[in-house]
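Encoded as structure tokens, the structure appears first; notes follow it.
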Amino acid sequence: MKHGSSIEKQLGAPAPPTSPIPMPSKNAVEMPSSKLQPRWNTNNLGLRLGTDFTSAACAASMVAPLIAIIDRSIMENASGRNTLSNSLKSSLRTLLLRPHTVLFSKPVALIFMLYGGTYLTANTLDTATSTVRNKPATHVTTGTLKFAASSAANVGLCVYKDQFFVKLFGPGGPPRPVPLPSYLLFTARDCLTIFASFNVPPLLGPVLNERMSASLRKKVSGTTVAQFAAPAAVQIFSTPVHLLGLDMYNRPGAGGGGVSWRDRWTQVRKNWAISTAARICRIVPAFGLGGTVNMKVRRNLMERLA
């Protein structure tokens with residue numbers, strides 16, 4: 001017994017049994033779960049929304065007069081009411097001699113509404129995304145949601161604008177309701193333009209930057225080049241869609257003994273080249289110059305709020 005007790009003294013008292021389940025320490029601090037408590041970037045949210053409106057209004061006010069003049073010339077040329085060149089000369093002469101009659105006219109107000117609303121939709125979507133995802137105020141999105149929201153705003157406002165323009169500058173006689181096929185063609189036209197204006201430049205810009213020399217990148221960025229080039233290039237495909245929609249309003253009755261589809265295609269092909277050039281001159285200020293002004297004004301103001 002003495003021998004056994006001496007061994008126990010040498011080995012020490014037996015350790016208490018350990019628990020198979022680890023127990024939390026008294027000093028442990030529970031960390032809040034980020035999934036349960038997401039953080040939103042709400043810093044200066046009211047001023048950021050004001051910035052969205054200000055940048056959209058600046059861009060729209062710059063491009064509205066010229067776009068209204070070009071849209072009128074395209075409408076009058078397609079309806080046979082006037083040639084494109086004569087319409088442009090007449091409107092530009094009025095702008096120089098009596099600018100108030102153009103700047104405060106209904107067509108310019110409609111164009112301001114159209115592009116101001118489109119820019120504002122894209123801007124507020126960027127602000128909403130940066131708020132919910134806790135991104136910087138300068139964050140810009142490029143996904144499907146932006147394309148869908150911008151397209152919905154642009155298509156709705158543009159169709160509203162076009163129904164006034166075709167009645168103001170279409171063929172003579174009492175105004176007629178715009179047929180459904182024309183609405184659908186105008187919608188397809190605008191979806192092409194919106195995709196090339198808002199979604200392509202952020203994706204194409206980095207690719208162009210990689211292929212541009214360092215000296216050229218100091219003068220102009222790839223994103224700026226894409227902002228001008230993409231909306232202009234897509235007009236090659238969207239212009240015949242636009243012309244077909246106008247022709248279906250100007251000459252109703254295709255397929256019913258009135259106007260054949262071959263005649264419509266002949267009319268579209270006749271005006272394709274000159275109308276494409278006019279729409280490029282129209283779309284470059286609308287989504288090239290206007291898009292660049294909107295982007296830069298918004299970014300500069302947002303950087304000050306960050």
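Scheme for the structure tokens: letters A, B, ... for chains in order shown; per-chain residue numbers from 1; ligand numbers from 1 in order shown.
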
Problem - Selection near range 178-186 of chain A, 6 Å with only C-alpha atoms, sequence-local residues under 3 positions removed, as a PyMOL selection string - result: chain A and resi 189+241+245

Requested write-out: N, CA and C atoms of the selected residues, as a CSV table (one decimal), in the first residue's frame:
```
chain,number,residue,atom,x,y,z
A,189,ARG,N,-35.9,49.6,-81.5
A,189,ARG,CA,-34.8,50.6,-81.8
A,189,ARG,C,-34.2,51.2,-80.5
A,241,VAL,N,-34.9,50.0,-88.6
A,241,VAL,CA,-36.0,49.7,-87.7
A,241,VAL,C,-36.8,50.9,-87.4
A,245,GLY,N,-40.8,51.8,-88.7
A,245,GLY,CA,-41.8,52.2,-87.9
A,245,GLY,C,-42.5,53.5,-88.3
```

Could I get the residues of range 217-304 of chain A with an atom no further than 12 Å from an atom of range 45-68 of chain A, each paired with its nearest atom pair and that distance in Å to one decimal, using only C-alpha atoms, sorted by chain and residue number, as a tab-separated table?
```
residue	atom	partner	partner_atom	distance
A:Ala278	CA	A:Ile67	CA	9.9
A:Arg279	CA	A:Ile67	CA	9.1
A:Ile280	CA	A:Ile67	CA	10.7
A:Cys281	CA	A:Ile67	CA	8.6
A:Arg282	CA	A:Ile67	CA	5.5
A:Ile283	CA	A:Ile67	CA	8.0
A:Val284	CA	A:Val63	CA	9.5
A:Pro285	CA	A:Val63	CA	5.8
A:Ala286	CA	A:Val63	CA	5.9
A:Phe287	CA	A:Val63	CA	9.1
A:Gly288	CA	A:Val63	CA	10.0
A:Leu289	CA	A:Val63	CA	7.8
A:Gly290	CA	A:Ala59	CA	4.8
A:Gly291	CA	A:Ala59	CA	7.1
A:Thr292	CA	A:Ala59	CA	8.3
A:Val293	CA	A:Ala59	CA	5.6
A:Asn294	CA	A:Ser55	CA	5.0
A:Met295	CA	A:Ser55	CA	7.6
A:Lys296	CA	A:Ser55	CA	8.3
A:Val297	CA	A:Ser55	CA	5.5
A:Arg298	CA	A:Ser55	CA	5.4
A:Arg299	CA	A:Ser55	CA	9.1
A:Asn300	CA	A:Thr51	CA	9.6
A:Leu301	CA	A:Thr51	CA	6.6
A:Met302	CA	A:Arg48	CA	6.7
A:Glu303	CA	A:Arg48	CA	10.2
A:Arg304	CA	A:Arg48	CA	10.2
```

Practice task
Pick out each residue of range 43-204 of chain A that DSSP on the backbone tags as alpha helix (DSSP H); I need them as JSON, numbers by chain.
Solution key: {"A": [45, 46, 47, 48, 49, 50, 51, 52, 53, 54, 55, 56, 57, 58, 59, 60, 61, 62, 63, 64, 65, 66, 67, 68, 69, 70, 71, 72, 73, 74, 75, 76, 77, 78, 79, 84, 85, 86, 87, 88, 89, 90, 91, 92, 93, 94, 95, 96, 97, 99, 100, 101, 102, 103, 106, 107, 108, 109, 110, 111, 112, 113, 114, 115, 116, 117, 118, 119, 120, 121, 122, 123, 124, 125, 126, 127, 128, 129, 130, 131, 132, 144, 145, 146, 147, 148, 149, 150, 151, 152, 153, 154, 155, 156, 157, 158, 159, 160, 161, 162, 163, 164, 165, 166, 167, 168, 169, 180, 181, 182, 183, 184, 185, 186, 187, 188, 189, 190, 191, 192, 193, 194, 200, 201, 202, 203, 204]}

Could you pull the residues within 10 Å of range 270-275 of chain A, counting only C-alpha atoms, minus those fewer than 5 positions along the same chain, as a PDB file with N, CA, C and O atoms, in the first residue's frame?
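Listed below is the output, part_1.pdb:
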```
ATOM      1  N   ILE A  70     -32.700  67.642 -85.173  1.00  0.00           N
ATOM      2  CA  ILE A  70     -32.391  66.487 -86.021  1.00  0.00           C
ATOM      3  C   ILE A  70     -33.582  65.543 -86.107  1.00  0.00           C
ATOM      4  O   ILE A  70     -33.911  65.025 -87.192  1.00  0.00           O
ATOM      5  N   SER A  73     -36.065  66.877 -88.568  1.00  0.00           N
ATOM      6  CA  SER A  73     -35.648  66.729 -89.966  1.00  0.00           C
ATOM      7  C   SER A  73     -35.829  65.293 -90.452  1.00  0.00           C
ATOM      8  O   SER A  73     -36.232  65.067 -91.595  1.00  0.00           O
ATOM      9  N   ILE A  74     -35.540  64.306 -89.584  1.00  0.00           N
ATOM     10  CA  ILE A  74     -35.719  62.902 -89.973  1.00  0.00           C
ATOM     11  C   ILE A  74     -37.197  62.601 -90.188  1.00  0.00           C
ATOM     12  O   ILE A  74     -37.582  61.922 -91.154  1.00  0.00           O
ATOM     13  N   MET A  75     -38.052  63.088 -89.299  1.00  0.00           N
ATOM     14  CA  MET A  75     -39.493  62.861 -89.423  1.00  0.00           C
ATOM     15  C   MET A  75     -40.047  63.487 -90.698  1.00  0.00           C
ATOM     16  O   MET A  75     -40.817  62.866 -91.440  1.00  0.00           O
ATOM     17  N   ASN A  77     -38.406  64.315 -93.426  1.00  0.00           N
ATOM     18  CA  ASN A  77     -37.847  63.663 -94.609  1.00  0.00           C
ATOM     19  C   ASN A  77     -38.539  62.333 -94.883  1.00  0.00           C
ATOM     20  O   ASN A  77     -38.839  61.997 -96.033  1.00  0.00           O
ATOM     21  N   ALA A  78     -38.806  61.558 -93.810  1.00  0.00           N
ATOM     22  CA  ALA A  78     -39.459  60.261 -93.989  1.00  0.00           C
ATOM     23  C   ALA A  78     -40.898  60.402 -94.464  1.00  0.00           C
ATOM     24  O   ALA A  78     -41.403  59.560 -95.214  1.00  0.00           O
ATOM     25  N   LEU A  84     -34.416  66.513 -95.773  1.00  0.00           N
ATOM     26  CA  LEU A  84     -33.663  66.556 -94.527  1.00  0.00           C
ATOM     27  C   LEU A  84     -32.805  67.813 -94.449  1.00  0.00           C
ATOM     28  O   LEU A  84     -32.754  68.477 -93.414  1.00  0.00           O
ATOM     29  N   SER A  85     -32.141  68.150 -95.556  1.00  0.00           N
ATOM     30  CA  SER A  85     -31.257  69.316 -95.542  1.00  0.00           C
ATOM     31  C   SER A  85     -32.035  70.612 -95.368  1.00  0.00           C
ATOM     32  O   SER A  85     -31.636  71.501 -94.608  1.00  0.00           O
ATOM     33  N   GLN A 235     -26.323  52.522 -84.736  1.00  0.00           N
ATOM     34  CA  GLN A 235     -27.320  53.178 -85.583  1.00  0.00           C
ATOM     35  C   GLN A 235     -27.409  52.542 -86.966  1.00  0.00           C
ATOM     36  O   GLN A 235     -28.438  52.666 -87.641  1.00  0.00           O
ATOM     37  N   ILE A 236     -26.349  51.876 -87.389  1.00  0.00           N
ATOM     38  CA  ILE A 236     -26.397  51.168 -88.674  1.00  0.00           C
ATOM     39  C   ILE A 236     -27.511  50.129 -88.671  1.00  0.00           C
ATOM     40  O   ILE A 236     -28.168  49.883 -89.685  1.00  0.00           O
ATOM     41  N   PHE A 237     -27.764  49.527 -87.497  1.00  0.00           N
ATOM     42  CA  PHE A 237     -28.772  48.473 -87.386  1.00  0.00           C
ATOM     43  C   PHE A 237     -30.118  49.010 -86.889  1.00  0.00           C
ATOM     44  O   PHE A 237     -31.166  48.481 -87.258  1.00  0.00           O
ATOM     45  N   THR A 239     -31.364  52.157 -87.365  1.00  0.00           N
ATOM     46  CA  THR A 239     -32.008  53.132 -88.261  1.00  0.00           C
ATOM     47  C   THR A 239     -33.066  52.498 -89.156  1.00  0.00           C
ATOM     48  O   THR A 239     -34.170  53.047 -89.283  1.00  0.00           O
ATOM     49  N   PRO A 240     -32.804  51.353 -89.821  1.00  0.00           N
ATOM     50  CA  PRO A 240     -33.882  50.764 -90.634  1.00  0.00           C
ATOM     51  C   PRO A 240     -35.101  50.363 -89.807  1.00  0.00           C
ATOM     52  O   PRO A 240     -36.231  50.425 -90.305  1.00  0.00           O
ATOM     53  N   VAL A 241     -34.889  49.966 -88.551  1.00  0.00           N
ATOM     54  CA  VAL A 241     -36.017  49.658 -87.679  1.00  0.00           C
ATOM     55  C   VAL A 241     -36.843  50.920 -87.434  1.00  0.00           C
ATOM     56  O   VAL A 241     -38.079  50.903 -87.461  1.00  0.00           O
ATOM     57  N   HIS A 242     -36.141  52.033 -87.203  1.00  0.00           N
ATOM     58  CA  HIS A 242     -36.804  53.318 -86.992  1.00  0.00           C
ATOM     59  C   HIS A 242     -37.568  53.749 -88.243  1.00  0.00           C
ATOM     60  O   HIS A 242     -38.731  54.188 -88.152  1.00  0.00           O
ATOM     61  N   LEU A 243     -36.950  53.624 -89.395  1.00  0.00           N
ATOM     62  CA  LEU A 243     -37.594  54.046 -90.641  1.00  0.00           C
ATOM     63  C   LEU A 243     -38.824  53.203 -90.961  1.00  0.00           C
ATOM     64  O   LEU A 243     -39.828  53.715 -91.472  1.00  0.00           O
ATOM     65  N   ARG A 264     -42.309  48.964 -98.780  1.00  0.00           N
ATOM     66  CA  ARG A 264     -41.783  49.512 -97.525  1.00  0.00           C
ATOM     67  C   ARG A 264     -40.267  49.357 -97.468  1.00  0.00           C
ATOM     68  O   ARG A 264     -39.554  50.272 -97.040  1.00  0.00           O
ATOM     69  N   TRP A 265     -39.765  48.185 -97.843  1.00  0.00           N
ATOM     70  CA  TRP A 265     -38.324  47.959 -97.821  1.00  0.00           C
ATOM     71  C   TRP A 265     -37.614  48.901 -98.787  1.00  0.00           C
ATOM     72  O   TRP A 265     -36.531  49.422 -98.494  1.00  0.00           O
ATOM     73  N   ILE A 280     -26.702  59.223 -86.404  1.00  0.00           N
ATOM     74  CA  ILE A 280     -25.393  59.216 -85.741  1.00  0.00           C
ATOM     75  C   ILE A 280     -25.085  60.609 -85.199  1.00  0.00           C
ATOM     76  O   ILE A 280     -24.611  60.761 -84.062  1.00  0.00           O
ATOM     77  N   CYS A 281     -25.371  61.632 -86.017  1.00  0.00           N
ATOM     78  CA  CYS A 281     -25.182  63.013 -85.540  1.00  0.00           C
ATOM     79  C   CYS A 281     -26.102  63.312 -84.365  1.00  0.00           C
ATOM     80  O   CYS A 281     -25.780  64.155 -83.523  1.00  0.00           O
TER      81      CYS A 281
END
```

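If you count only C-alpha atoms and ignore residues fewer than 5 places along the chain from Ile194 in chain A, what sits within 8 Å of it is Phe147, Ser150, Ser151, Asn154, Asn199 and Pro231 of chain A.
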
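The smallest atom-to-atom distance between Leu192 in chain A and any of A:Thr129, A:Ser238, A:Ser215, A:Thr124, using only C-alpha atoms, is found for A:Ser238.
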
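Using only C-alpha atoms, the smallest distance between any of A:Leu103, A:Leu97, A:Val166, A:Ala122 and Lys146 in chain A comes from A:Ala122.
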
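Nearest to Phe198 in chain A of all the residues A:Ala148, A:Ala233, A:Ala128, A:Ser79 is A:Ala148, counting only C-alpha atoms.
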
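Here CA of Tyr115 in chain A and CA of His139 in chain A stand 21.2 Å from one another.
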
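CA of Ala229 in chain A lies 10.1 Å from CA of Leu204 in chain A.
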
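Pairwise distance (CA of Gly205 in chain A, CA of Gln227 in chain A) equals 8.1 Å.
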